[in-house]
>>> print(open('entry-v5.txt').read())   # compact mmCIF, C-alpha atoms
# COMPACT_ATOMS: atom_id res chain seq x y z
CA MET I 1 87.90 -42.20 115.55
CA VAL I 2 88.41 -39.40 113.05
CA THR I 3 90.18 -40.49 109.92
CA GLN I 4 92.98 -38.22 108.90
CA GLN I 5 92.69 -36.64 105.48
CA ILE I 6 96.17 -35.60 104.49
CA ALA I 7 97.16 -36.52 100.96
CA ARG I 8 100.60 -37.59 99.86
CA PRO I 9 102.31 -37.70 96.48
CA ALA I 10 103.71 -40.91 95.09
CA ALA I 11 107.34 -41.86 95.49
CA ILE I 12 109.64 -41.28 92.51
CA ASN I 13 109.68 -44.91 91.52
CA THR I 14 106.13 -46.04 92.13
CA GLU I 15 106.63 -49.44 90.50
CA HIS I 16 109.73 -50.31 92.51
CA LEU I 17 109.32 -48.59 95.85
CA LEU I 18 112.21 -50.49 97.38
CA GLU I 19 114.69 -49.62 94.65
CA PRO I 20 116.94 -46.66 95.51
CA GLN I 21 118.27 -44.20 92.95
CA TRP I 22 121.82 -42.93 93.18
CA ALA I 23 122.46 -39.39 94.28
CA GLU I 24 125.73 -37.49 94.56
CA VAL I 25 126.73 -35.48 97.59
CA THR I 26 127.22 -31.99 96.17
CA SER I 27 128.05 -30.26 99.46
CA ILE I 28 128.03 -30.80 103.20
CA THR I 29 127.08 -28.16 105.77
CA LYS I 30 128.08 -28.75 109.36
CA GLU I 31 125.13 -27.55 111.43
CA ILE I 32 126.01 -28.50 115.01
CA ASN I 33 128.36 -30.94 116.69
CA ASP I 34 126.62 -34.16 115.61
CA VAL I 35 124.42 -32.95 112.76
CA SER I 36 125.39 -32.07 109.21
CA THR I 37 123.27 -31.29 106.17
CA TYR I 38 123.97 -33.36 103.08
CA TRP I 39 123.01 -31.71 99.80
CA LEU I 40 122.22 -34.34 97.21
CA LYS I 41 121.58 -34.40 93.47
CA PHE I 42 120.48 -37.48 91.53
CA THR I 43 123.16 -38.78 89.18
CA ASP I 44 120.45 -39.19 86.55
CA PRO I 45 119.40 -35.64 85.52
CA ALA I 46 115.97 -36.89 84.39
CA ILE I 47 115.24 -38.18 87.88
CA GLN I 48 116.49 -34.94 89.43
CA LYS I 49 114.20 -32.97 87.15
CA ALA I 50 111.19 -35.15 87.93
CA TYR I 51 111.76 -35.24 91.69
CA THR I 52 109.36 -33.19 93.80
CA PHE I 53 108.41 -33.32 97.45
CA GLU I 54 106.14 -31.57 99.90
CA PRO I 55 107.26 -29.96 103.19
CA GLY I 56 107.35 -32.59 105.95
CA GLN I 57 108.11 -35.62 103.78
CA PHE I 58 111.15 -37.86 104.15
CA ASN I 59 113.47 -39.96 102.04
CA MET I 60 115.08 -43.31 102.75
CA LEU I 61 118.85 -42.87 102.47
CA TYR I 62 120.73 -46.04 101.62
CA MET I 63 124.36 -46.73 102.48
CA PRO I 64 125.50 -49.96 100.80
CA GLY I 65 126.72 -52.43 103.40
CA PHE I 66 125.04 -50.58 106.26
CA GLY I 67 121.37 -50.22 105.42
CA GLU I 68 118.78 -47.48 105.19
CA SER I 69 117.66 -44.64 107.39
CA ALA I 70 114.56 -42.45 107.13
CA ILE I 71 115.66 -38.82 107.02
CA SER I 72 113.35 -35.81 106.70
CA ILE I 73 113.90 -33.46 103.81
CA CYS I 74 115.03 -30.09 105.15
CA SER I 75 115.43 -28.13 101.92
CA ASP I 76 113.21 -25.82 99.93
CA SER I 77 110.57 -27.72 97.95
CA ASN I 78 110.68 -24.95 95.32
CA ASP I 79 114.37 -25.55 94.65
CA HIS I 80 114.59 -28.49 92.28
CA SER I 81 118.37 -28.34 91.95
CA LYS I 82 119.23 -30.07 95.21
CA ILE I 83 117.74 -32.05 98.09
CA GLY I 84 118.87 -31.42 101.66
CA HIS I 85 118.90 -33.83 104.61
CA SER I 86 120.13 -32.84 108.05
CA VAL I 87 121.53 -36.04 109.49
CA ARG I 88 122.29 -36.69 113.13
CA PHE I 89 125.02 -39.26 113.57
CA VAL I 90 123.55 -41.72 116.04
CA GLY I 91 123.70 -45.21 114.52
CA ASN I 92 125.41 -47.44 111.96
CA VAL I 93 123.76 -45.94 108.90
CA THR I 94 123.93 -42.30 109.94
CA ASN I 95 127.52 -42.67 111.13
CA ALA I 96 128.36 -44.16 107.73
CA ILE I 97 126.67 -41.18 106.08
CA GLY I 98 128.84 -39.02 108.31
CA ARG I 99 131.92 -40.45 106.58
CA LEU I 100 130.71 -39.40 103.12
CA LYS I 101 132.63 -36.73 101.27
CA VAL I 102 131.58 -34.35 98.52
CA GLY I 103 131.40 -36.34 95.27
CA ASP I 104 130.45 -39.62 96.94
CA VAL I 105 127.15 -41.27 96.04
CA ILE I 106 124.33 -42.55 98.23
CA GLY I 107 121.12 -44.43 97.52
CA LEU I 108 117.89 -42.48 97.84
CA ARG I 109 114.27 -43.49 97.54
CA GLY I 110 111.32 -41.30 98.21
CA PRO I 111 109.73 -38.98 98.93
CA PHE I 112 107.54 -40.79 101.41
CA GLY I 113 104.87 -39.88 103.87
CA THR I 114 102.28 -37.22 104.48
CA TYR I 115 103.17 -33.54 104.69
CA TRP I 116 102.32 -30.33 106.46
CA PRO I 117 98.96 -29.11 105.10
CA MET I 118 100.27 -25.77 103.87
CA LYS I 119 97.32 -25.18 101.54
CA GLU I 120 94.85 -25.84 104.35
CA LEU I 121 96.71 -23.41 106.61
CA GLU I 122 96.36 -20.47 104.25
CA GLY I 123 94.62 -17.55 105.92
CA LYS I 124 95.50 -18.85 109.38
CA ASP I 125 98.02 -17.88 112.04
CA VAL I 126 100.69 -20.54 112.19
CA PHE I 127 102.46 -21.42 115.42
CA ILE I 128 105.45 -23.69 114.86
CA SER I 129 106.78 -25.26 118.01
CA CYS I 130 109.72 -27.60 117.74
CA GLY I 131 112.80 -28.81 119.51
CA GLY I 132 116.23 -30.20 118.70
CA ILE I 133 116.32 -32.18 115.48
CA GLY I 134 112.59 -31.47 115.08
CA LEU I 135 113.35 -28.25 113.17
CA PRO I 136 114.63 -29.85 109.91
CA PRO I 137 111.23 -31.39 108.95
CA LEU I 138 109.66 -27.98 109.54
CA ARG I 139 112.20 -25.93 107.62
CA PRO I 140 110.58 -26.67 104.22
CA ALA I 141 107.27 -25.47 105.71
CA ILE I 142 108.99 -22.25 106.79
CA TYR I 143 110.43 -21.83 103.29
CA HIS I 144 106.97 -22.39 101.86
CA ILE I 145 105.61 -19.65 104.11
CA LEU I 146 108.46 -17.34 103.07
CA HIS I 147 107.55 -17.83 99.40
CA ASN I 148 103.86 -17.26 100.10
CA ARG I 149 104.04 -14.93 103.09
CA GLU I 150 100.92 -12.99 102.14
CA LYS I 151 98.80 -16.13 102.35
CA TYR I 152 99.42 -16.65 106.07
CA GLY I 153 98.60 -14.57 109.10
CA LYS I 154 100.83 -14.24 112.14
CA VAL I 155 103.64 -16.80 111.98
CA THR I 156 105.63 -17.74 115.06
CA LEU I 157 108.51 -20.17 115.45
CA LEU I 158 109.21 -21.32 119.00
CA TYR I 159 112.33 -23.45 118.84
CA GLY I 160 114.24 -25.11 121.65
CA ALA I 161 117.45 -27.05 122.01
CA ARG I 162 119.52 -28.53 124.76
CA THR I 163 122.19 -25.80 124.75
CA PRO I 164 122.99 -22.75 122.59
CA ALA I 165 125.55 -24.88 120.70
CA ASP I 166 122.74 -27.28 119.71
CA LEU I 167 120.63 -24.67 117.91
CA MET I 168 120.39 -25.33 114.19
CA TYR I 169 120.05 -23.01 111.18
CA THR I 170 120.73 -19.94 113.35
CA ASN I 171 122.26 -18.12 110.36
CA GLU I 172 118.82 -18.11 108.71
CA PHE I 173 116.86 -16.69 111.66
CA ASP I 174 117.43 -13.06 110.64
CA ASP I 175 116.06 -13.72 107.15
CA TRP I 176 113.02 -15.39 108.67
CA ARG I 177 112.51 -12.46 111.02
CA LYS I 178 112.77 -10.04 108.10
CA ALA I 179 109.85 -11.90 106.52
CA ASN I 180 107.82 -11.13 109.63
CA ILE I 181 108.18 -14.53 111.24
CA ASP I 182 108.46 -14.15 115.01
CA VAL I 183 111.43 -16.42 115.80
CA GLN I 184 111.71 -17.23 119.50
CA VAL I 185 114.47 -19.46 120.78
CA THR I 186 115.04 -21.20 124.09
CA VAL I 187 117.58 -23.63 125.49
CA ASP I 188 117.33 -26.12 128.33
CA ARG I 189 120.52 -24.86 129.90
CA GLY I 190 122.85 -21.99 129.22
CA ASP I 191 125.90 -20.29 130.60
CA SER I 192 126.38 -16.63 131.45
CA SER I 193 127.22 -15.77 127.86
CA TRP I 194 123.76 -16.81 126.65
CA THR I 195 121.38 -13.87 126.75
CA GLY I 196 118.35 -15.66 125.32
CA ARG I 197 115.69 -17.69 127.05
CA VAL I 198 116.46 -20.66 129.28
CA GLY I 199 113.63 -23.10 129.87
CA VAL I 200 111.75 -25.81 128.02
CA VAL I 201 109.70 -25.09 124.88
CA PRO I 202 106.16 -25.78 126.19
CA MET I 203 106.58 -23.40 129.13
CA TRP I 204 106.86 -20.36 126.89
CA PHE I 205 103.35 -20.69 125.46
CA TYR I 206 102.07 -18.27 128.06
CA GLN I 207 104.09 -15.51 126.37
CA PHE I 208 102.00 -15.69 123.21
CA ARG I 209 98.46 -14.59 122.52
CA PHE I 210 96.48 -16.97 120.34
CA ASP I 211 93.30 -16.50 118.41
CA SER I 212 92.27 -20.11 118.84
CA ARG I 213 89.72 -19.92 116.00
CA LYS I 214 92.36 -19.14 113.42
CA THR I 215 95.60 -20.59 114.79
CA ALA I 216 97.17 -23.85 113.67
CA VAL I 217 99.99 -25.47 115.63
CA LEU I 218 102.69 -27.48 113.87
CA THR I 219 105.00 -29.43 116.14
CA CYS I 220 107.92 -31.80 115.85
CA GLY I 221 110.63 -32.94 118.23
CA PRO I 222 111.05 -35.32 121.14
CA GLU I 223 107.73 -37.01 121.90
CA ILE I 224 107.74 -35.81 125.49
CA MET I 225 108.10 -32.22 124.24
CA ILE I 226 105.29 -32.73 121.73
CA HIS I 227 103.10 -34.08 124.53
CA PHE I 228 103.43 -30.88 126.54
CA VAL I 229 103.22 -28.62 123.48
CA ILE I 230 99.84 -30.21 122.72
CA TYR I 231 98.84 -29.89 126.36
CA GLU I 232 99.58 -26.15 126.23
CA ALA I 233 97.87 -25.74 122.84
CA LEU I 234 94.71 -27.47 124.06
CA ALA I 235 94.78 -25.37 127.23
CA ARG I 236 94.56 -22.34 124.93
CA ARG I 237 91.54 -23.86 123.19
CA ILE I 238 93.31 -24.66 119.92
CA PRO I 239 91.05 -27.33 118.39
CA LEU I 240 92.42 -30.87 117.92
CA GLU I 241 91.86 -30.45 114.19
CA SER I 242 94.22 -27.46 114.11
CA ILE I 243 97.18 -29.29 115.65
CA PHE I 244 99.56 -31.14 113.34
CA VAL I 245 102.28 -33.43 114.60
CA SER I 246 105.25 -35.04 112.87
CA MET I 247 105.88 -38.35 114.60
CA GLU I 248 109.16 -40.18 114.88
CA ARG I 249 109.37 -43.96 114.82
CA ASN I 250 111.74 -46.63 113.59
CA MET I 251 110.90 -46.48 109.88
CA LYS I 252 112.36 -49.23 107.71
CA CYS I 253 110.47 -49.87 104.48
CA GLY I 254 108.76 -46.54 103.82
CA GLN I 255 105.64 -48.19 102.43
CA GLY I 256 103.80 -49.61 105.42
CA SER I 257 104.87 -53.20 104.80
CA CYS I 258 107.27 -54.10 107.58
CA GLY I 259 105.34 -52.80 110.60
CA HIS I 260 108.35 -51.35 112.42
CA CYS I 261 106.79 -47.92 112.68
CA GLN I 262 103.26 -48.90 113.65
CA LEU I 263 101.30 -46.57 115.93
CA GLY I 264 97.89 -48.01 116.69
CA PRO I 265 96.24 -48.59 113.32
CA TYR I 266 98.75 -46.37 111.51
CA PHE I 267 102.13 -46.87 109.95
CA ILE I 268 104.11 -43.71 110.50
CA CYS I 269 105.99 -44.12 107.19
CA LYS I 270 102.83 -44.47 105.13
CA ASP I 271 100.05 -42.74 107.07
CA GLY I 272 102.43 -40.19 108.62
CA PRO I 273 104.84 -38.81 109.63
CA VAL I 274 102.56 -35.75 109.68
CA PHE I 275 99.26 -36.40 111.44
CA ARG I 276 96.38 -34.21 112.35
CA PHE I 277 96.29 -34.67 116.10
CA ASP I 278 92.71 -35.90 116.31
CA ALA I 279 93.75 -38.97 114.32
CA ILE I 280 96.44 -40.11 116.73
CA GLN I 281 95.14 -38.76 120.02
CA PRO I 282 93.84 -42.16 121.23
CA PHE I 283 97.33 -43.65 120.87
CA PHE I 284 99.43 -40.68 121.75
CA ASN I 285 101.52 -40.88 124.91
CA VAL I 286 99.89 -44.20 125.76
CA GLU I 287 102.20 -46.77 127.31
CA GLU I 288 103.12 -49.60 124.91
CA PHE I 289 102.17 -47.52 121.87
CA MET F 290 97.07 7.57 146.84
CA SER F 291 100.58 8.93 146.26
CA ASP F 292 102.03 9.13 142.74
CA VAL F 293 104.44 6.30 143.43
CA LEU F 294 101.70 4.11 144.82
CA GLN F 295 99.46 4.95 141.89
CA GLU F 296 102.20 4.03 139.39
CA THR F 297 102.78 0.74 141.22
CA PHE F 298 99.04 0.06 141.28
CA LYS F 299 98.85 0.67 137.51
CA GLU F 300 101.76 -1.66 136.81
CA LEU F 301 100.29 -4.42 138.98
CA GLN F 302 96.94 -4.02 137.25
CA LYS F 303 98.56 -5.02 133.95
CA ILE F 304 99.67 -8.38 135.30
CA PRO F 305 97.26 -11.20 134.44
CA TRP F 306 98.23 -12.73 137.80
CA PHE F 307 96.31 -9.98 139.57
CA GLN F 308 93.38 -9.46 137.25
CA GLU F 309 91.11 -11.57 139.43
CA LEU F 310 91.87 -9.43 142.48
CA GLU F 311 89.45 -6.89 143.89
CA LYS F 312 90.62 -3.26 143.87
CA LYS F 313 91.08 -3.18 147.66
CA HIS F 314 93.34 -6.25 147.46
CA LEU F 315 95.40 -4.79 144.65
CA GLU F 316 95.82 -1.59 146.66
CA LYS F 317 97.09 -3.62 149.61
CA LEU F 318 99.57 -5.38 147.34
CA ALA F 319 100.70 -2.10 145.82
CA SER F 320 101.36 -0.78 149.31
CA VAL F 321 104.01 -3.46 149.92
CA THR F 322 105.49 -3.31 146.42
CA ALA F 323 108.30 -1.21 145.01
CA LEU F 324 109.13 -0.78 141.35
CA ARG F 325 112.76 -1.15 140.44
CA HIS F 326 114.59 -0.49 137.18
CA VAL F 327 117.37 -2.96 136.54
CA ARG F 328 120.29 -2.76 134.15
CA ALA F 329 121.77 -5.58 132.08
CA ASP F 330 124.20 -7.70 134.13
CA GLU F 331 122.95 -6.23 137.41
CA VAL F 332 122.90 -8.88 140.13
CA LEU F 333 119.63 -8.81 142.04
CA PHE F 334 120.65 -11.38 144.59
CA HIS F 335 123.15 -14.16 145.09
CA GLU F 336 122.62 -17.77 145.97
CA GLY F 337 122.54 -18.01 149.76
CA ASP F 338 121.35 -14.42 150.31
CA LYS F 339 118.59 -13.78 152.82
CA GLU F 340 115.11 -14.05 151.28
CA ASP F 341 113.29 -10.74 151.43
CA CYS F 342 111.31 -10.14 148.25
CA LEU F 343 109.03 -11.82 145.76
CA TYR F 344 109.62 -10.41 142.28
CA ILE F 345 107.50 -10.03 139.19
CA VAL F 346 109.16 -9.13 135.90
CA LEU F 347 107.35 -6.28 134.17
CA SER F 348 109.83 -5.91 131.33
CA GLY F 349 113.24 -7.35 130.45
CA ARG F 350 114.64 -10.75 131.27
CA ILE F 351 116.08 -12.13 134.51
CA ALA F 352 118.35 -15.19 134.61
CA LEU F 353 118.29 -17.59 137.54
CA GLU F 354 121.70 -19.15 138.05
CA ILE F 355 123.27 -21.76 140.26
CA PHE F 356 126.99 -21.95 140.84
CA ILE F 357 128.51 -25.38 140.35
CA PRO F 358 132.10 -25.84 141.56
CA HIS F 359 134.52 -26.35 138.62
CA ARG F 360 131.74 -25.52 136.13
CA GLY F 361 130.85 -21.98 137.05
CA LYS F 362 127.42 -20.38 136.93
CA ILE F 363 124.78 -22.36 135.08
CA ARG F 364 121.70 -20.55 133.84
CA ILE F 365 118.79 -22.77 134.83
CA TYR F 366 115.87 -20.58 133.87
CA THR F 367 115.09 -17.15 132.52
CA VAL F 368 112.15 -15.18 133.82
CA GLU F 369 110.22 -13.25 131.19
CA PRO F 370 107.65 -10.45 131.59
CA GLN F 371 104.62 -11.39 133.72
CA ASP F 372 106.50 -14.26 135.32
CA VAL F 373 107.52 -14.50 138.97
CA PHE F 374 110.75 -15.32 140.72
CA GLY F 375 111.89 -15.49 144.32
CA TRP F 376 108.63 -17.23 145.21
CA SER F 377 110.20 -19.31 147.97
CA SER F 378 110.56 -16.11 150.02
CA VAL F 379 106.83 -16.29 150.69
CA THR F 380 107.06 -19.75 152.20
CA PRO F 381 107.69 -19.92 155.94
CA VAL F 382 110.56 -22.41 155.85
CA VAL F 383 113.00 -21.18 153.19
CA HIS F 384 115.25 -18.43 154.49
CA GLN F 385 118.02 -18.34 151.90
CA ARG F 386 118.04 -17.89 148.14
CA THR F 387 118.48 -21.22 146.40
CA ALA F 388 119.64 -19.56 143.16
CA GLY F 389 121.11 -16.23 142.14
CA ALA F 390 119.32 -13.73 139.88
CA THR F 391 120.93 -11.48 137.28
CA ALA F 392 119.29 -9.11 134.81
CA VAL F 393 120.09 -10.19 131.25
CA VAL F 394 118.81 -6.95 129.70
CA ASP F 395 117.53 -3.64 131.04
CA GLY F 396 114.08 -3.96 132.54
CA LEU F 397 111.56 -3.16 135.21
CA ILE F 398 110.59 -5.43 138.09
CA ALA F 399 108.08 -5.29 140.91
CA CYS F 400 109.61 -6.17 144.29
CA ILE F 401 107.03 -7.33 146.83
CA ASP F 402 108.25 -7.31 150.42
CA SER F 403 107.82 -10.94 151.45
CA GLU F 404 107.39 -10.33 155.14
CA LYS F 405 104.76 -7.63 154.59
CA LEU F 406 103.07 -9.78 151.97
CA ARG F 407 102.79 -12.70 154.42
CA LYS F 408 101.39 -10.27 156.99
CA ILE F 409 98.64 -8.86 154.73
CA CYS F 410 97.80 -12.39 153.60
CA GLU F 411 97.41 -13.45 157.24
CA GLU F 412 95.21 -10.45 157.96
CA ASP F 413 93.03 -10.97 154.91
CA HIS F 414 92.61 -14.61 154.09
CA ASP F 415 90.67 -13.89 150.89
CA LEU F 416 93.71 -12.06 149.54
CA GLY F 417 95.98 -14.72 151.03
CA TYR F 418 94.06 -17.46 149.24
CA MET F 419 94.35 -15.69 145.88
CA VAL F 420 98.06 -15.02 146.29
CA MET F 421 98.83 -18.57 147.42
CA ARG F 422 96.68 -20.02 144.62
CA ARG F 423 98.68 -18.07 142.05
CA LEU F 424 101.94 -19.05 143.72
CA ALA F 425 100.90 -22.71 143.60
CA ASN F 426 100.58 -22.27 139.83
CA VAL F 427 104.07 -20.83 139.64
CA VAL F 428 105.49 -23.69 141.70
CA ALA F 429 103.68 -26.30 139.58
CA SER F 430 104.98 -24.73 136.40
CA ARG F 431 108.56 -24.60 137.73
CA LEU F 432 108.28 -28.23 138.82
CA LEU F 433 107.25 -29.20 135.29
CA VAL F 434 110.15 -27.24 133.78
CA THR F 435 112.54 -28.96 136.18
CA ARG F 436 111.13 -32.39 135.33
CA LEU F 437 111.48 -31.78 131.60
CA GLN F 438 115.01 -30.45 132.08
CA LEU F 439 115.87 -33.52 134.15
CA LEU F 440 114.49 -35.77 131.42
CA ASP F 441 117.00 -34.21 129.04
CA MET F 442 114.46 -34.30 126.21
CA PHE F 443 117.02 -33.70 123.52
CA ALA F 444 119.34 -36.51 124.51
CA HIS F 445 120.49 -38.65 121.60
CA PRO F 446 117.99 -41.31 120.62
CA GLU F 447 119.32 -44.86 120.88
CA SER F 448 117.97 -45.97 117.57
CA GLN F 449 118.14 -44.52 114.11
CA ASN F 450 114.88 -42.76 113.50
CA ALA F 451 113.63 -40.28 111.01
CA LYS F 452 114.57 -36.62 111.44
>>> encode(input="entry-v5.txt", output="structure tokens")
Amino acid sequence: MVTQQIARPAAINTEHLLEPQWAEVTSITKEINDVSTYWLKFTDPAIQKAYTFEPGQFNMLYMPGFGESAISICSDSNDHSKIGHSVRFVGNVTNAIGRLKVGDVIGLRGPFGTYWPMKELEGKDVFISCGGIGLPPLRPAIYHILHNREKYGKVTLLYGARTPADLMYTNEFDDWRKANIDVQVTVDRGDSSWTGRVGVVPMWFYQFRFDSRKTAVLTCGPEIMIHFVIYEALARRIPLESIFVSMERNMKCGQGSCGHCQLGPYFICKDGPVFRFDAIQPFFNVEEF
Amino acid sequence: MSDVLQETFKELQKIPWFQELEKKHLEKLASVTALRHVRADEVLFHEGDKEDCLYIVLSGRIALEIFIPHRGKIRIYTVEPQDVFGWSSVTPVVHQRTAGATAVVDGLIACIDSEKLRKICEEDHDLGYMVMRRLANVVASRLLVTRLQLLDMFAHPESQNAK
């Protein structure tokens, strides 16, 4: 088995990894029906100043009385004034977060996990293929590319959602396109008012021409979608080592102690969530894993 | 070869679908194909219409729609350049369109007469094999799309996970 070599920075409180720091909700952006972005700022300015993260990492958000939830960071890693998390309201913790108002405080610890290898991707074409709530963990990578556009070749975003109303960050697509990112969108089902693509993300690969020697694929979304995205990428001779996947599991501790997010020999919270595909291939889409 | 036939031949030549075909086979296909410009919102056929053509999109975008009582027309798939629709017209058992087709934007499509196509495939089994092999690909791909749509990939997860 190939061992993955993706580095990760330490969490903000390396001595007390389980101790959250308080952060204030500075604004809330409603993205789609059940997803809002919470913009946070540490109440301690020194912590805010010291806090850095890499695209693809996540934080543990803590709601007293409810518990913690692992939420990807969706903001610009160059902007040290605020930290964004797009939260989908699906369980106790995230529904409690959904009741927060501007000015409320929340516990935050992190950042945790591996990240998209943006340095390694320099000079390459980057094909980002994601679906649904899989776009937020990739948005910081897109921002990174925007800030360093000249360092990357052809950049394509193929993004899918269930319906047009489920598409996130649509107000930013024009800016991304202006920076020469080919933004292609599809939905699983549409009505007559939708003039874009209808069909699932992996099926649109045939529309793109890849130089397999210099293309890297970054993917995040439902695991079944990722499975077929990888299938299509491999069919176009993209090497295993050029495919990067952000995996989703039930993360609890964020430091590889509790075992809730284990995938084969890996803990997604500690060894992931971003994996080079050759590392996880033996366990990917295998029943019981 | 007439100008029209030559233009059709040239358009078909651009389609990766047909790049494996010998020139004589492509000429036969061109002889049963008509090029058609479509305008946005133009209805190509309705659900239930008689099957008569197999289509290949050369430019533009075609939406396949099914009407559901009390819900209206639902767009189930869009066909992009180089993709095929109306493939069931080539099968011997389907005689009616199972979905409607509407142009989403202006474009150009190749309309292959299904009956004539079946005839030339019967007469020349080498050509028939190539056409049916490509159609099998289309059917397999549509089946996969349908499966993934049925799975409702983006349904809400039951547990609280990262993202």
>>> interface_residues(input="entry-v5.txt", of="chain I", to="chain F", cutoff="8 Å", atoms="only C-alpha atoms", output="ChimeraX atom specification")
/I:58,69-72,86-88,90-91,93-94,131-134,136-137,161-162,188-192,195,197-200,203,222,224-225,248-251
>>> closest_residue(input="entry-v5.txt", among="F:Gln302, F:Ser377, F:Gln295, F:Ser320", to="Tyr344 (chain F)", atoms="all atoms listed in the file")
F:Ser377
>>> atom_distance(input="entry-v5.txt", atom1="CA of Leu61 (chain I)", atom2="CA of Phe284 (chain I)")
27.5 Å
>>> atom_distance(input="entry-v5.txt", atom1="CA of Trp22 (chain I)", atom2="CA of Gln48 (chain I)")
10.3 Å
>>> atom_distance(input="entry-v5.txt", atom1="CA of Pro202 (chain I)", atom2="CA of Leu135 (chain I)")
15.1 Å
>>> closest_residue(input="entry-v5.txt", among="F:Val379, F:Ile357, F:Val321, F:Ile409", to="Ala425 (chain F)", atoms="all atoms listed in the file")
F:Val379
>>> closest_residue(input="entry-v5.txt", among="F:Ile345, F:Glu331, F:Lys405, F:Phe356", to="Trp306 (chain F)", atoms="only C-alpha atoms")
F:Ile345
>>> residues_around(input="entry-v5.txt", residues="Trp116 (chain I)", least_positions_apart="6", cutoff="10 Å", atoms="only C-alpha atoms", output="NGL selection string")
:I and (6-8 or 54-57 or 137-138 or 140-141 or 218 or 244-246 or 273-276)
>>> closest_residue(input="entry-v5.txt", among="F:His384, F:His414, F:Lys317, F:Lys303", to="Ser348 (chain F)", atoms="only C-alpha atoms")
F:Lys303
>>> closest_residue(input="entry-v5.txt", among="F:Pro381, F:Gly389, F:Gly396, F:Pro305", to="Phe334 (chain F)", atoms="all atoms listed in the file")
F:Gly389
>>> build_atoms(input="entry-v5.txt", residues="region 294-305 of chain F", atoms="N, CA, C and O atoms", output="PDB file, in the frame of the given file")
ATOM      1  N   LEU F 294     102.638   5.208 144.562  1.00  0.00           N
ATOM      2  CA  LEU F 294     101.700   4.110 144.820  1.00  0.00           C
ATOM      3  C   LEU F 294     100.762   3.904 143.621  1.00  0.00           C
ATOM      4  O   LEU F 294     100.460   2.773 143.230  1.00  0.00           O
ATOM      5  N   GLN F 295     100.372   5.022 143.043  1.00  0.00           N
ATOM      6  CA  GLN F 295      99.460   4.950 141.890  1.00  0.00           C
ATOM      7  C   GLN F 295     100.153   4.276 140.690  1.00  0.00           C
ATOM      8  O   GLN F 295      99.555   3.450 140.004  1.00  0.00           O
ATOM      9  N   GLU F 296     101.438   4.628 140.496  1.00  0.00           N
ATOM     10  CA  GLU F 296     102.200   4.030 139.390  1.00  0.00           C
ATOM     11  C   GLU F 296     102.340   2.523 139.626  1.00  0.00           C
ATOM     12  O   GLU F 296     102.155   1.707 138.714  1.00  0.00           O
ATOM     13  N   THR F 297     102.632   2.161 140.880  1.00  0.00           N
ATOM     14  CA  THR F 297     102.780   0.740 141.220  1.00  0.00           C
ATOM     15  C   THR F 297     101.457   0.018 140.996  1.00  0.00           C
ATOM     16  O   THR F 297     101.418  -1.073 140.411  1.00  0.00           O
ATOM     17  N   PHE F 298     100.373   0.645 141.443  1.00  0.00           N
ATOM     18  CA  PHE F 298      99.040   0.060 141.280  1.00  0.00           C
ATOM     19  C   PHE F 298      98.753  -0.198 139.795  1.00  0.00           C
ATOM     20  O   PHE F 298      98.299  -1.274 139.407  1.00  0.00           O
ATOM     21  N   LYS F 299      99.103   0.793 138.958  1.00  0.00           N
ATOM     22  CA  LYS F 299      98.850   0.670 137.510  1.00  0.00           C
ATOM     23  C   LYS F 299      99.655  -0.476 136.905  1.00  0.00           C
ATOM     24  O   LYS F 299      99.164  -1.232 136.065  1.00  0.00           O
ATOM     25  N   GLU F 300     100.905  -0.588 137.343  1.00  0.00           N
ATOM     26  CA  GLU F 300     101.760  -1.660 136.810  1.00  0.00           C
ATOM     27  C   GLU F 300     101.223  -3.028 137.232  1.00  0.00           C
ATOM     28  O   GLU F 300     101.199  -3.960 136.441  1.00  0.00           O
ATOM     29  N   LEU F 301     100.802  -3.124 138.490  1.00  0.00           N
ATOM     30  CA  LEU F 301     100.290  -4.420 138.980  1.00  0.00           C
ATOM     31  C   LEU F 301      98.993  -4.790 138.261  1.00  0.00           C
ATOM     32  O   LEU F 301      98.724  -5.967 138.007  1.00  0.00           O
ATOM     33  N   GLN F 302      98.231  -3.792 137.932  1.00  0.00           N
ATOM     34  CA  GLN F 302      96.940  -4.020 137.250  1.00  0.00           C
ATOM     35  C   GLN F 302      97.124  -4.704 135.892  1.00  0.00           C
ATOM     36  O   GLN F 302      96.259  -5.434 135.432  1.00  0.00           O
ATOM     37  N   LYS F 303      98.313  -4.465 135.283  1.00  0.00           N
ATOM     38  CA  LYS F 303      98.560  -5.020 133.950  1.00  0.00           C
ATOM     39  C   LYS F 303      98.887  -6.512 134.009  1.00  0.00           C
ATOM     40  O   LYS F 303      98.872  -7.197 132.996  1.00  0.00           O
ATOM     41  N   ILE F 304      99.212  -7.002 135.189  1.00  0.00           N
ATOM     42  CA  ILE F 304      99.670  -8.380 135.300  1.00  0.00           C
ATOM     43  C   ILE F 304      98.467  -9.327 135.371  1.00  0.00           C
ATOM     44  O   ILE F 304      97.616  -9.192 136.256  1.00  0.00           O
ATOM     45  N   PRO F 305      98.403 -10.285 134.427  1.00  0.00           N
ATOM     46  CA  PRO F 305      97.260 -11.200 134.440  1.00  0.00           C
ATOM     47  C   PRO F 305      97.095 -11.906 135.782  1.00  0.00           C
ATOM     48  O   PRO F 305      95.974 -12.177 136.222  1.00  0.00           O
TER      49      PRO F 305
END
